Amino acid sequence: MTGDHSSKQYDQDLEEIRSKVLAMGGMVEHQFQDAIAAFRTGNLEVAKRVMKDDEAVNRLEVELDDACSHLIVRRQPTANDLRTVMATIKIITDLERVGDEATKIARTAIHLHKRGIGLISHYETVSLIAEQAGELLRSALDSFARLDDKQALELIKQDASIDHGFRSITRSLITFMMEDPRTISGSIDTLWVAKAIERIGDHAKNIAEYVVYVVGGKDIRHTDFGAARVIDEDED
């Protein structure tokens with residue numbers, strides 16, 4: 001096998017994996033949307049569908065991890081190519097965990113519905129960060145599809161607003177529970193949902209960080225590089 005042919009085959013194999021990762025991203029994005037809809041309306045069928053879909057996401061994670069492992073063994077990528085494969089593996093993991101968080105939200109919706117606790121007011125508590133996390137996930141997948149590191153850096157900055165929203169929700173719910181013990185049960189469930197949403201925002205941010213790593217070779221996890229870069233660009 002010539003080097004050129006090997007390179008072309010590697011590119012084809014990697015592109016097939018990337019396509020499946022993006023399909024997986026679409027699946028978990030839809031899971032999250034359905035989970036939030038179930039939390040808003042109490043629709044048990046939608047909630048159960050989210051939980052059922054998680055099984056397909058888990059199977060796809062195993063399939064893609066195996067495909068990446070085989071790609072490394074067969075093609076023995078080096079430098080930039082290996083970096084791309086390793087980042088893709090991590091993105092797959094983050095997507096699977098988004099599915100897990102969506103499933104937690106669906107289970108909470110079922111729990112609240114069975115206890116006869118109204119869902120609309122609880123949904124309103126988390127609606128803003130749910131919208132923000134959904135947009136962040138959508139944009140992170142788009143930045144991965146186009147390998148757009150500038151877009152990815154912008155997303156990393158946006159995650160801070162979700163974190164701020166979660167802290168605000170936590171303070172509000174603690175106040176409600178202190179003032180009226182009858183709200184404790186529903187407030188705790190809502191807090192779990194808010195935490196799941198905040199974690200989905202974190203996973204979307206992780207995906208954006210891996211895009212930066214693939215494009216520029218810089219690992220900006222656990223650093224202020226992303227925020228600083230965006231600030232510098234804004235000042236220019």
# chains A, B, ... in the order shown; residues from 1 in each chain; ligands from 1
call {"tool": "residues_around", "arguments": {"residues": "Ala56 of chain A", "least_positions_apart": "6", "cutoff": "12 Å", "atoms": "only C-alpha atoms", "output": "PyMOL selection string"}}
result
chain A and resi 23-24+27-28+31+49-50+62-63+96+99-100
call {"tool": "closest_atom_pairs", "arguments": {"of": "segment 25-89 of chain A", "to": "segment 195-214 of chain A", "cutoff": "8 Å", "atoms": "only C-alpha atoms", "output": "JSON lines"}}
result
{"residue": "A:Asn80", "atom": "CA", "partner": "A:Val214", "partner_atom": "CA", "distance": 7.5}
{"residue": "A:Arg83", "atom": "CA", "partner": "A:Val214", "partner_atom": "CA", "distance": 6.3}
{"residue": "A:Thr84", "atom": "CA", "partner": "A:Val214", "partner_atom": "CA", "distance": 5.4}
{"residue": "A:Ala87", "atom": "CA", "partner": "A:Tyr210", "partner_atom": "CA", "distance": 5.7}
{"residue": "A:Thr88", "atom": "CA", "partner": "A:Tyr210", "partner_atom": "CA", "distance": 7.9}
call {"tool": "write_last_selection", "arguments": {"atoms": "all heavy atoms", "output": "tab-separated table (two decimals), in the first residue's frame"}}
result
chain	number	residue	atom	x	y	z
A	80	ASN	N	-0.74	15.49	13.87
A	80	ASN	CA	-2.05	16.12	13.76
A	80	ASN	C	-3.17	15.09	13.61
A	80	ASN	O	-4.26	15.26	14.17
A	80	ASN	CB	-2.08	17.07	12.55
A	80	ASN	CG	-1.17	18.26	12.73
A	80	ASN	OD1	-0.63	18.47	13.82
A	80	ASN	ND2	-0.99	19.03	11.68
A	83	ARG	N	-3.95	13.52	16.91
A	83	ARG	CA	-4.63	14.52	17.74
A	83	ARG	C	-6.11	14.58	17.40
A	83	ARG	O	-6.97	14.67	18.30
A	83	ARG	CB	-3.97	15.89	17.50
A	83	ARG	CG	-4.49	16.99	18.39
A	83	ARG	CD	-3.68	18.25	18.18
A	83	ARG	NE	-3.96	18.89	16.91
A	83	ARG	CZ	-3.07	19.46	16.14
A	83	ARG	NH1	-1.79	19.43	16.49
A	83	ARG	NH2	-3.41	20.06	15.02
A	84	THR	N	-6.43	14.53	16.12
A	84	THR	CA	-7.81	14.58	15.69
A	84	THR	C	-8.60	13.37	16.18
A	84	THR	O	-9.72	13.51	16.67
A	84	THR	CB	-7.89	14.65	14.15
A	84	THR	OG1	-7.23	15.83	13.70
A	84	THR	CG2	-9.34	14.67	13.68
A	87	ALA	N	-9.14	13.60	20.04
A	87	ALA	CA	-10.15	14.60	20.37
A	87	ALA	C	-11.54	14.09	20.02
A	87	ALA	O	-12.51	14.34	20.75
A	87	ALA	CB	-9.86	15.91	19.63
A	88	THR	N	-11.65	13.37	18.91
A	88	THR	CA	-12.95	12.82	18.50
A	88	THR	C	-13.46	11.82	19.52
A	88	THR	O	-14.65	11.80	19.85
A	88	THR	CB	-12.83	12.15	17.12
A	88	THR	OG1	-12.40	13.12	16.15
A	88	THR	CG2	-14.16	11.56	16.68
call {"tool": "closest_atom_pairs", "arguments": {"of": "segment 59-145 of chain A", "to": "segment 182-185 of chain A", "cutoff": "12 Å", "atoms": "only C-alpha atoms", "output": "tab-separated table"}}
result
residue	atom	partner	partner_atom	distance
A:Thr108	CA	A:Ser185	CA	11.4
A:His111	CA	A:Ser185	CA	10.6
A:Leu112	CA	A:Ser185	CA	9.0
A:Arg115	CA	A:Ser185	CA	9.9
A:Gly116	CA	A:Ser185	CA	11.6
A:Ile117	CA	A:Ser185	CA	9.2
A:Gly118	CA	A:Thr183	CA	11.3
A:Ser121	CA	A:Thr183	CA	11.6
A:His122	CA	A:Thr183	CA	10.6
call {"tool": "closest_residue", "arguments": {"among": "A:Ile89, A:Ala140, A:Ala133, A:Leu153", "to": "Ser69 of chain A", "atoms": "only C-alpha atoms"}}
result
A:Ile89
